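Engineer: Have a look at this one before I ask anything.
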Amino acid sequence: MTACTLYEKLWNAHAVAELPGGETLLYIDRQILHEVSSPQAFVAMREAGRRLRRPQTHIAVADHAVPTRSPRADGIRHGTIEDPQAASQIAELESNVADFAVPYADLDGAEQGIVHVIGPESGFTLPGTTIVCGDSHTTTHGAFGALAFGIGASEQGTVMAAQCLRQKRAKTMRIELSGTRHPLVFAKDIALAIIARIGADGAAGHAVEFTGPVVRAMSMAERMTLCNMMIEAGSRVGLVAPDDVTFAFLKGRRLAPKGALWDQAVAAWRDLASDPDAVYDRVIEVDVASLVPQVSWGTTPDQTLPVDAALPDPAQLAEGPARRQAEKALAYMGLTPGQSITDIAITHAFIGSCTNGRIEDIRAAAAVAKGRKVAPGIKAIVVPGSAATRAAAQAEGLDRILIEAGFEWRLAGCSMCVAMNDDRLKPGERCASTSNRNFEGRQGPGGRTHLMSPAMAAAAAIAGHIADIREFAA
Ligand SMILES: CC(C)[C@H](C(=O)O)[C@@H](O)C(=O)O
Ligand code: SF4
């Protein structure tokens, strides 16, 4: 038998038929639905008079449009949402899930949260499965050794009706991470550094698998951060082979297999790892020993530099597209060529999102915040990725530490990652953000985003400007 990569094993196990034109009909095990991208698919189902083929293989949740504050002391959001568009998007999702019998994580329930946080937390995300969602950051779930990718609105309807999708097989790319990293260099820094190196489309057309001792030593949270960010390098699929870290994370989760089924599942999941002699179309090696904390300075994720660097000076670049892009980005970002990154003053800090809204991320922020104060005039918000993450953080007392330091402690949702809810920047405001996208207007029209790790965002909140966490922690 030919040696196969993890991606090829997942693909082959779900291939139903080879179609003319080079596409494959793939069986889809699971679909996640959210209020922003699912309405059209439900409309199409209704119009065609169709039912879901396997309703129990879907879960739905409202995350993008939801406010992360409630006027009520108990945090209930139903009945309190002032924005009519958000209220109607959530109401539409709720009527759709009721009509089509889709399992729903209620807005005020213990399992609400960002799609890519609650899938893993509930055990819906499992190794060896195919998982789709009308959301580009579905790459996140690949951290479990699932073939997970974002799809469009009409494809969501196809999965609802047929449990299958036509897809073109991607090329494979292996990113081998080795070396010993600085303790304040996180998965987010590694992901940003990779994107800066290969470019915002550097992994386009490829399914990326992370390998090497650095990945094996990472928590699931860090593996998810890496896979999450791969869409920012143009890849629709990020992968990590499942191992004991994966199994320990999943064991006992509500939807994970139980008893003898668990043992059988783990045995099968162990076989998913890429064969030792499997061949990839591309291999990239990254030595993390030389990495320092990273910060994006521009309006694409590859416009990223080490925190101790100075901003580029377009005048020093040769005439051409790179120079024009740098000029345009610096102008939008309101930055001076050659300026030190640590001299950039901020107005906001946002700790959250499906990239960095997990308990480990909140712990990292709280460790920096402890005994310190957010700088005067800075609005700093911490938005847990899910209700369960929020509860876990509160059980550890992290909310108290953060509130004491002057951070706002919010309810779960996408929040300031995306300007689709109440949490957004005004023109000219500047945010140290743990999210994943920094294009013009992403956090609000005219808003300016600097992507970084949770520890770095917390340090920026306290310093009032971008700060090097390595010096800050000393
Ligand atoms: C709204 C949604 C479809 C979108 C995505 O596809 O990623 C959002 O989650 C984002 O991060 O930009
Ligand atoms: S947190 Fe941000 S990136 Fe993630 S799903 Fe929500 S909007 Fe998209």
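Chain labels A, B, ... are given in the sequence in which chains occur in the structure tokens; within each chain residues are numbered consecutively from 1, and ligands are likewise numbered from 1 in the order shown.
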Using the chain letters and numbers from this document, which residues of segment 15-131 of chain A does DSSP assign to strand (DSSP E), as an MDAnalysis selection string?
Structural biologist: chainID A and resid 15:18 24:27 30:34 58:61 104:105 130:131
Engineer: Next, write the just-selected residues to a file, as a CSV table (one decimal), in the first residue's frame, keeping N, CA and C atoms as the atom set.
Structural biologist:
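Saved the output as result-v1.csv:
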```
chain,number,residue,atom,x,y,z
A,15,ALA,N,-14.3,9.4,0.7
A,15,ALA,CA,-14.6,9.5,-0.7
A,15,ALA,C,-15.7,8.6,-1.1
A,16,VAL,N,-16.8,9.1,-1.6
A,16,VAL,CA,-18.0,8.3,-2.0
A,16,VAL,C,-17.9,7.9,-3.4
A,17,ALA,N,-17.5,8.8,-4.3
A,17,ALA,CA,-17.3,8.6,-5.7
A,17,ALA,C,-16.4,9.6,-6.3
A,18,GLU,N,-15.7,9.2,-7.3
A,18,GLU,CA,-14.9,10.1,-8.1
A,18,GLU,C,-15.8,10.7,-9.2
A,24,THR,N,-14.3,15.0,-6.2
A,24,THR,CA,-14.7,13.8,-5.5
A,24,THR,C,-15.9,14.1,-4.7
A,25,LEU,N,-16.8,13.2,-4.6
A,25,LEU,CA,-18.0,13.3,-3.8
A,25,LEU,C,-17.6,12.8,-2.4
A,26,LEU,N,-17.6,13.7,-1.4
A,26,LEU,CA,-17.1,13.4,-0.1
A,26,LEU,C,-18.3,13.3,0.9
A,27,TYR,N,-18.2,12.3,1.7
A,27,TYR,CA,-19.2,12.1,2.8
A,27,TYR,C,-18.9,13.1,3.9
A,30,ARG,N,-20.2,15.9,9.8
A,30,ARG,CA,-20.8,16.9,10.7
A,30,ARG,C,-20.8,18.3,10.1
A,31,GLN,N,-21.8,19.0,10.5
A,31,GLN,CA,-21.9,20.4,10.1
A,31,GLN,C,-22.2,21.3,11.3
A,32,ILE,N,-21.6,22.5,11.3
A,32,ILE,CA,-21.9,23.5,12.4
A,32,ILE,C,-22.5,24.7,11.7
A,33,LEU,N,-23.5,25.2,12.3
A,33,LEU,CA,-24.2,26.3,11.7
A,33,LEU,C,-24.2,27.5,12.6
A,34,HIS,N,-24.0,28.7,12.0
A,34,HIS,CA,-24.2,29.9,12.8
A,34,HIS,C,-25.2,30.9,12.2
A,58,HIS,N,-25.7,17.8,13.0
A,58,HIS,CA,-25.5,19.2,12.9
A,58,HIS,C,-25.6,19.8,14.3
A,59,ILE,N,-24.9,20.9,14.5
A,59,ILE,CA,-25.2,21.7,15.7
A,59,ILE,C,-25.2,23.2,15.3
A,60,ALA,N,-26.0,24.0,16.0
A,60,ALA,CA,-26.1,25.4,15.6
A,60,ALA,C,-25.9,26.2,16.8
A,61,VAL,N,-25.4,27.4,16.6
A,61,VAL,CA,-25.2,28.4,17.7
A,61,VAL,C,-25.1,29.8,17.1
A,104,TYR,N,-29.3,22.7,19.1
A,104,TYR,CA,-29.0,24.1,19.2
A,104,TYR,C,-28.4,24.4,20.6
A,105,ALA,N,-27.3,25.1,20.5
A,105,ALA,CA,-26.6,25.6,21.8
A,105,ALA,C,-27.3,27.0,22.1
A,130,THR,N,-15.2,14.3,9.0
A,130,THR,CA,-15.2,15.4,8.1
A,130,THR,C,-16.2,16.4,8.8
A,131,ILE,N,-15.8,17.7,8.9
A,131,ILE,CA,-16.6,18.7,9.5
A,131,ILE,C,-16.6,19.9,8.6
```
Engineer: Kindly assemble as CSV a list of the chain A residues that lie within 6 Å of ligand 1, each paired with its nearest atom pair and their distance in Å to one decimal, using only C-alpha atoms and all ligand atoms, sorted first by chain and then by ascending residue number.
Structural biologist:
```
residue,atom,partner,partner_atom_place_in_ligand_line,distance
A:Val36,CA,ligand 1,1 (C),5.7
A:Ser37,CA,ligand 1,3 (C),5.4
A:Gly134,CA,ligand 1,3 (C),5.8
A:Asp135,CA,ligand 1,6 (O),3.5
A:Ser136,CA,ligand 1,6 (O),3.9
A:His137,CA,ligand 1,7 (O),5.3
```
Engineer: Name the closest residue to Ala463 of chain A among the candidates A:Ser435, A:Ile381, A:Met160, A:Asp343; distances are taken between atoms, counting only C-alpha atoms.
Structural biologist: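 Ranking A:Ser435, A:Ile381, A:Met160, A:Asp343 by distance to Ala463 of chain A, first place goes to A:Asp343.
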Engineer: Could the residues that lie within 6 Å of ligand 2, counting only C-alpha atoms and all ligand atoms, be listed as a PyMOL selection string?
Structural biologist: chain A and resi 64+137+353-354+414+417-418
Engineer: Any chance you could export the current selection's N, CA and C atoms as a PDB file, in the first residue's frame?
Structural biologist:
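File written: part.pdb
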```
ATOM      1  N   HIS A  64     -21.713  35.337  16.053  1.00  0.00           N
ATOM      2  CA  HIS A  64     -21.148  36.532  15.400  1.00  0.00           C
ATOM      3  C   HIS A  64     -21.855  37.831  15.783  1.00  0.00           C
ATOM      4  N   HIS A 137     -12.878  29.922   9.257  1.00  0.00           N
ATOM      5  CA  HIS A 137     -11.977  29.430  10.305  1.00  0.00           C
ATOM      6  C   HIS A 137     -12.288  28.023  10.793  1.00  0.00           C
ATOM      7  N   SER A 353     -11.874  35.708  20.582  1.00  0.00           N
ATOM      8  CA  SER A 353     -11.999  35.133  19.232  1.00  0.00           C
ATOM      9  C   SER A 353     -11.719  33.626  19.210  1.00  0.00           C
ATOM     10  N   CYS A 354     -12.017  33.030  18.047  1.00  0.00           N
ATOM     11  CA  CYS A 354     -11.784  31.588  17.892  1.00  0.00           C
ATOM     12  C   CYS A 354     -10.300  31.288  17.770  1.00  0.00           C
ATOM     13  N   CYS A 414     -18.197  36.333  19.179  1.00  0.00           N
ATOM     14  CA  CYS A 414     -17.095  36.736  18.296  1.00  0.00           C
ATOM     15  C   CYS A 414     -16.603  38.146  18.641  1.00  0.00           C
ATOM     16  N   CYS A 417     -13.699  40.721  17.164  1.00  0.00           N
ATOM     17  CA  CYS A 417     -12.967  40.102  16.056  1.00  0.00           C
ATOM     18  C   CYS A 417     -13.529  40.574  14.728  1.00  0.00           C
ATOM     19  N   VAL A 418     -14.831  40.861  14.730  1.00  0.00           N
ATOM     20  CA  VAL A 418     -15.537  41.108  13.471  1.00  0.00           C
ATOM     21  C   VAL A 418     -16.576  42.192  13.759  1.00  0.00           C
TER      22      VAL A 418
END
```
Engineer: If you measure from atom CA of Thr139 of chain A to atom CA of Ala278 of chain A, what distance in Å do you get, rounded to one decimal?
Structural biologist: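 Straight-line distance from atom CA of Thr139 of chain A to atom CA of Ala278 of chain A works out to 21.8 Å.
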Engineer: Sort by chain and increasing residue number a table of all residues of segment 256-323 of chain A within 12 Å of segment 209-216 of chain A, each with its closest pair of atoms and their distance in Å to one decimal, counting only C-alpha atoms, and write it as JSON lines.
Structural biologist:
```
{"residue": "A:Ala273", "atom": "CA", "partner": "A:Thr211", "partner_atom": "CA", "distance": 10.1}
{"residue": "A:Ser274", "atom": "CA", "partner": "A:Glu209", "partner_atom": "CA", "distance": 9.3}
{"residue": "A:Pro276", "atom": "CA", "partner": "A:Thr211", "partner_atom": "CA", "distance": 11.4}
{"residue": "A:Val279", "atom": "CA", "partner": "A:Glu209", "partner_atom": "CA", "distance": 12.0}
{"residue": "A:Tyr280", "atom": "CA", "partner": "A:Glu209", "partner_atom": "CA", "distance": 9.5}
{"residue": "A:Asp281", "atom": "CA", "partner": "A:Glu209", "partner_atom": "CA", "distance": 11.4}
{"residue": "A:Arg282", "atom": "CA", "partner": "A:Glu209", "partner_atom": "CA", "distance": 10.4}
{"residue": "A:Val283", "atom": "CA", "partner": "A:Glu209", "partner_atom": "CA", "distance": 9.6}
{"residue": "A:Ile284", "atom": "CA", "partner": "A:Phe210", "partner_atom": "CA", "distance": 9.7}
{"residue": "A:Glu285", "atom": "CA", "partner": "A:Gly212", "partner_atom": "CA", "distance": 9.4}
{"residue": "A:Val286", "atom": "CA", "partner": "A:Gly212", "partner_atom": "CA", "distance": 9.7}
{"residue": "A:Asp287", "atom": "CA", "partner": "A:Val214", "partner_atom": "CA", "distance": 9.4}
{"residue": "A:Val288", "atom": "CA", "partner": "A:Val214", "partner_atom": "CA", "distance": 8.2}
{"residue": "A:Ala289", "atom": "CA", "partner": "A:Val214", "partner_atom": "CA", "distance": 10.3}
```
Engineer: Taking the DSSP secondary structure from the backbone, can you list the residues of segment 75-305 of chain A that are helix (DSSP H, G or I), as a compact mmCIF listing (two decimals) with C-alpha atoms, in the first residue's frame?
Structural biologist:
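Output file out_8.txt follows:
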```txt
# COMPACT_ATOMS: atom_id res chain seq x y z
CA PRO A 84 -32.77 44.87 15.61
CA GLN A 85 -30.56 43.13 13.03
CA ALA A 86 -28.81 40.99 15.64
CA ALA A 87 -32.11 40.17 17.32
CA SER A 88 -33.66 39.09 14.03
CA GLN A 89 -30.63 36.99 12.97
CA ILE A 90 -30.77 35.12 16.26
CA ALA A 91 -34.56 34.74 16.08
CA GLU A 92 -34.26 33.38 12.53
CA LEU A 93 -31.65 30.82 13.58
CA GLU A 94 -33.85 29.76 16.48
CA SER A 95 -36.89 29.26 14.29
CA ASN A 96 -34.80 27.36 11.73
CA VAL A 97 -33.34 24.96 14.27
CA ALA A 98 -36.82 24.40 15.73
CA ASP A 99 -38.39 23.72 12.32
CA VAL A 115 -18.57 27.81 16.61
CA HIS A 116 -14.90 26.84 16.59
CA VAL A 117 -14.66 26.86 20.36
CA ILE A 118 -17.83 24.95 21.21
CA GLY A 119 -17.33 22.18 18.63
CA PRO A 120 -14.21 20.87 20.39
CA GLU A 121 -15.52 21.63 23.88
CA SER A 122 -18.66 19.57 23.42
CA SER A 136 -13.57 30.14 6.92
CA HIS A 137 -11.98 29.43 10.31
CA THR A 138 -13.34 25.89 10.28
CA THR A 139 -9.66 25.06 9.75
CA THR A 140 -9.48 25.19 13.57
CA HIS A 141 -11.05 21.75 14.01
CA GLY A 142 -8.24 20.16 12.01
CA ALA A 143 -6.18 20.40 15.20
CA PHE A 144 -7.99 17.19 16.22
CA ALA A 153 -24.10 29.04 1.66
CA SER A 154 -25.39 26.71 -1.06
CA GLU A 155 -22.98 23.98 0.01
CA GLN A 156 -24.44 24.14 3.50
CA GLY A 157 -27.83 23.28 2.00
CA THR A 158 -26.27 20.41 0.05
CA VAL A 159 -24.83 18.95 3.25
CA MET A 160 -28.18 19.36 5.02
CA ALA A 161 -30.01 17.52 2.26
CA ALA A 162 -27.45 14.99 1.04
CA ALA A 187 1.33 29.38 18.92
CA LYS A 188 -0.04 32.73 17.76
CA ASP A 189 3.49 34.04 17.27
CA ILE A 190 4.48 30.90 15.39
CA ALA A 191 1.42 31.18 13.12
CA LEU A 192 2.04 34.89 12.43
CA ALA A 193 5.72 34.25 11.73
CA ILE A 194 4.83 31.47 9.28
CA ILE A 195 2.33 33.71 7.49
CA ALA A 196 4.87 36.55 7.33
CA ARG A 197 7.33 34.12 5.78
CA ILE A 198 5.14 32.33 3.24
CA PRO A 213 8.30 18.04 18.52
CA VAL A 214 7.00 21.57 19.08
CA VAL A 215 3.52 20.59 17.93
CA ARG A 216 3.54 17.35 19.91
CA MET A 220 -4.99 21.46 22.07
CA ALA A 221 -5.57 25.19 22.50
CA GLU A 222 -2.26 26.01 20.83
CA ARG A 223 -2.80 23.44 18.09
CA MET A 224 -6.18 25.04 17.41
CA THR A 225 -4.59 28.49 17.20
CA LEU A 226 -2.13 27.21 14.58
CA CYS A 227 -4.81 25.51 12.47
CA ASN A 228 -7.19 28.45 12.90
CA MET A 229 -4.64 30.85 11.40
CA MET A 230 -3.90 28.71 8.34
CA ILE A 231 -6.81 30.25 6.45
CA GLU A 232 -4.85 33.50 6.79
CA ALA A 233 -2.11 31.83 4.75
CA ASP A 244 -2.54 11.34 23.67
CA VAL A 245 -2.94 15.11 24.14
CA THR A 246 -5.95 15.00 21.81
CA PHE A 247 -7.47 11.97 23.52
CA ALA A 248 -7.00 13.43 27.00
CA PHE A 249 -8.76 16.61 25.84
CA LEU A 250 -11.72 14.72 24.38
CA GLY A 259 -16.91 3.01 27.31
CA ALA A 260 -15.89 0.34 24.80
CA LEU A 261 -16.66 2.69 21.93
CA TRP A 262 -14.10 5.14 23.29
CA ASP A 263 -11.38 2.46 23.29
CA GLN A 264 -12.26 1.43 19.75
CA ALA A 265 -12.27 5.04 18.63
CA VAL A 266 -8.86 5.78 20.16
CA ALA A 267 -7.37 2.70 18.48
CA ALA A 268 -8.71 3.87 15.11
CA TRP A 269 -7.62 7.46 15.70
CA ARG A 270 -4.04 6.36 16.37
CA VAL A 288 11.07 28.25 16.71
CA ALA A 289 14.21 28.91 18.77
CA SER A 290 14.88 32.16 16.93
```
Engineer: Give me, please, the distance in Å between atom CA of Leu126 of chain A and atom CA of Arg50 of chain A, quoted to one decimal.
Structural biologist: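 About the pair atom CA of Leu126 of chain A and atom CA of Arg50 of chain A: they are 27.7 Å apart.
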Engineer: Give me, please, the distance in Å between atom CA of Leu305 of chain A and atom CA of Lys426 of chain A, quoted to one decimal.
Structural biologist: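 Straight-line distance from atom CA of Leu305 of chain A to atom CA of Lys426 of chain A works out to 25.1 Å.
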Engineer: Return the single residue from A:Ala412, A:Ala455, A:Ala345, A:Leu6 that is closest to Ile362 of chain A, with distances computed using only C-alpha atoms.
Structural biologist: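 Result for the nearest residue to Ile362 of chain A: A:Ala455.
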Engineer: Of the candidates A:Arg77, A:Arg54, A:Arg174, A:Lys251, which one gets nearest to Val102 of chain A if we count only C-alpha atoms?
Structural biologist: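 Residue with the minimum atom-to-atom distance to Val102 of chain A: A:Arg54.
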Engineer: Name all residues at most 10 Å from Arg324 of chain A (count only C-alpha atoms; drop same-chain ones fewer than 6 positions away) and give them as a PyMOL selection string.
Structural biologist: chain A and resi 314-315+317-318+330
Engineer: Just the selected residues (N, CA and C atoms), exported as an mmCIF file, in the first residue's frame, please.
Structural biologist:
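That gives us result.cif:
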```
data_model
loop_
_atom_site.group_PDB
_atom_site.id
_atom_site.type_symbol
_atom_site.label_atom_id
_atom_site.label_comp_id
_atom_site.auth_asym_id
_atom_site.auth_seq_id
_atom_site.Cartn_x
_atom_site.Cartn_y
_atom_site.Cartn_z
ATOM 1 N N PRO A 314 8.899 52.543 3.137
ATOM 2 C CA PRO A 314 8.681 52.275 1.702
ATOM 3 C C PRO A 314 9.748 52.931 0.825
ATOM 4 N N ALA A 315 10.289 54.072 1.285
ATOM 5 C CA ALA A 315 11.306 54.761 0.478
ATOM 6 C C ALA A 315 12.537 53.889 0.252
ATOM 7 N N LEU A 317 12.343 50.681 -0.230
ATOM 8 C CA LEU A 317 11.979 49.528 -1.059
ATOM 9 C C LEU A 317 12.049 49.913 -2.526
ATOM 10 N N ALA A 318 12.307 48.913 -3.357
ATOM 11 C CA ALA A 318 12.336 49.175 -4.798
ATOM 12 C C ALA A 318 10.929 49.534 -5.259
ATOM 13 N N LEU A 330 0.643 51.589 5.659
ATOM 14 C CA LEU A 330 1.112 52.545 6.678
ATOM 15 C C LEU A 330 0.162 53.741 6.763
#
```
Engineer: Find, counting only C-alpha atoms, the residue in A:Ala110, A:Leu147, A:Ala41, A:Leu451 that gets nearest to Arg390 of chain A.
Structural biologist: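 Ranked by minimum distance to Arg390 of chain A, first place goes to A:Ala110.
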Engineer: Which neighbours of Val307 of chain A fall inside 7 Å, counting only C-alpha atoms, when residues of the same chain fewer than 2 positions from it are skipped, and could you give them as number ranges by chain?
Structural biologist: A: 293-295, 305, 309, 341-342, 468
Engineer: Generate the output file for the selected residues, C-alpha atoms, as a short mmCIF file (atom, residue, chain, number, x, y, z; two decimals), in the first residue's frame.
Structural biologist:
```cif
data_model
loop_
_atom_site.label_atom_id
_atom_site.label_comp_id
_atom_site.auth_asym_id
_atom_site.auth_seq_id
_atom_site.Cartn_x
_atom_site.Cartn_y
_atom_site.Cartn_z
CA PRO A 293 6.78 37.73 19.79
CA GLN A 294 5.12 38.89 16.58
CA VAL A 295 2.90 41.87 15.78
CA LEU A 305 7.16 41.73 12.19
CA ALA A 309 11.63 45.48 14.83
CA ILE A 341 6.72 48.83 16.89
CA THR A 342 6.85 49.30 20.65
CA ASP A 468 7.54 43.44 24.26
#
```
Engineer: Against segment 334-338 of chain A, which residues of segment 217-321 of chain A fall within 9 Å? For each one I want the closest pair of atoms and the distance in Å (one decimal), counting only C-alpha atoms, rows by chain and increasing residue number, as a Markdown table.
Structural biologist:
```
| residue | atom | partner | partner_atom | distance |
| --- | --- | --- | --- | --- |
| A:Trp297 | CA | A:Leu335 | CA | 8.6 |
| A:Ala310 | CA | A:Gly338 | CA | 5.3 |
| A:Leu311 | CA | A:Gly338 | CA | 4.6 |
| A:Pro312 | CA | A:Gly338 | CA | 5.5 |
| A:Asp313 | CA | A:Pro337 | CA | 4.5 |
| A:Pro314 | CA | A:Pro337 | CA | 7.1 |
| A:Ala315 | CA | A:Pro337 | CA | 8.6 |
```
Engineer: Find the residue from A:Met456, A:Ala217, A:Val43, A:Leu10 that sits nearest to Pro306 of chain A; use only C-alpha atoms when measuring.
Structural biologist: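 For Pro306 of chain A, the nearest of the given residues is A:Met456.
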Engineer: With only C-alpha atoms as the counted atoms, please give the residues lying no more than 7 Å from segment 357-359 of chain A, apart from itself and same-chain residues fewer than 2 positions off, as an MDAnalysis selection string.
Structural biologist: chainID A and resid 221 351:355 361:363 383:385 389 393
Engineer: Output N, CA and C atoms for every residue in that selection, as an mmCIF file, in the first residue's frame.
Structural biologist:
```
data_model
loop_
_atom_site.group_PDB
_atom_site.id
_atom_site.type_symbol
_atom_site.label_atom_id
_atom_site.label_comp_id
_atom_site.auth_asym_id
_atom_site.auth_seq_id
_atom_site.Cartn_x
_atom_site.Cartn_y
_atom_site.Cartn_z
ATOM 1 N N ALA A 221 -5.289 23.772 22.749
ATOM 2 C CA ALA A 221 -5.572 25.190 22.499
ATOM 3 C C ALA A 221 -4.552 25.765 21.514
ATOM 4 N N ILE A 351 -9.070 40.710 23.828
ATOM 5 C CA ILE A 351 -8.595 39.343 24.066
ATOM 6 C C ILE A 351 -9.794 38.419 23.891
ATOM 7 N N GLY A 352 -9.750 37.608 22.859
ATOM 8 C CA GLY A 352 -10.875 36.725 22.560
ATOM 9 C C GLY A 352 -10.740 36.146 21.172
ATOM 10 N N SER A 353 -11.874 35.708 20.582
ATOM 11 C CA SER A 353 -11.999 35.133 19.232
ATOM 12 C C SER A 353 -11.719 33.626 19.210
ATOM 13 N N CYS A 354 -12.017 33.030 18.047
ATOM 14 C CA CYS A 354 -11.784 31.588 17.892
ATOM 15 C C CYS A 354 -10.300 31.288 17.770
ATOM 16 N N THR A 355 -9.479 32.308 17.613
ATOM 17 C CA THR A 355 -8.026 32.108 17.560
ATOM 18 C C THR A 355 -7.451 32.021 18.972
ATOM 19 N N ASP A 361 -5.674 30.981 26.888
ATOM 20 C CA ASP A 361 -5.432 32.361 26.454
ATOM 21 C C ASP A 361 -5.808 33.347 27.553
ATOM 22 N N ILE A 362 -6.921 33.046 28.222
ATOM 23 C CA ILE A 362 -7.362 33.944 29.305
ATOM 24 C C ILE A 362 -6.390 33.833 30.487
ATOM 25 N N ARG A 363 -5.893 32.634 30.723
ATOM 26 C CA ARG A 363 -4.868 32.474 31.780
ATOM 27 C C ARG A 363 -3.625 33.305 31.453
ATOM 28 N N VAL A 383 -13.089 38.597 26.175
ATOM 29 C CA VAL A 383 -14.325 37.947 25.739
ATOM 30 C C VAL A 383 -14.078 36.453 25.590
ATOM 31 N N PRO A 384 -14.502 35.662 26.564
ATOM 32 C CA PRO A 384 -14.271 34.218 26.469
ATOM 33 C C PRO A 384 -14.901 33.649 25.191
ATOM 34 N N GLY A 385 -14.265 32.625 24.637
ATOM 35 C CA GLY A 385 -14.763 32.027 23.400
ATOM 36 C C GLY A 385 -16.051 31.258 23.575
ATOM 37 N N THR A 389 -15.969 28.193 28.688
ATOM 38 C CA THR A 389 -14.654 28.802 28.955
ATOM 39 C C THR A 389 -14.806 29.887 30.006
ATOM 40 N N ALA A 393 -13.007 29.943 33.600
ATOM 41 C CA ALA A 393 -12.141 31.055 33.998
ATOM 42 C C ALA A 393 -12.603 31.628 35.334
#
```
Engineer: Of the candidates A:Asp302, A:Glu176, A:Glu111, A:Asp277, which one gets nearest to Ala200 of chain A if we count only C-alpha atoms?
Structural biologist: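 With only C-alpha atoms as the atom set, the closest residue is A:Asp302.
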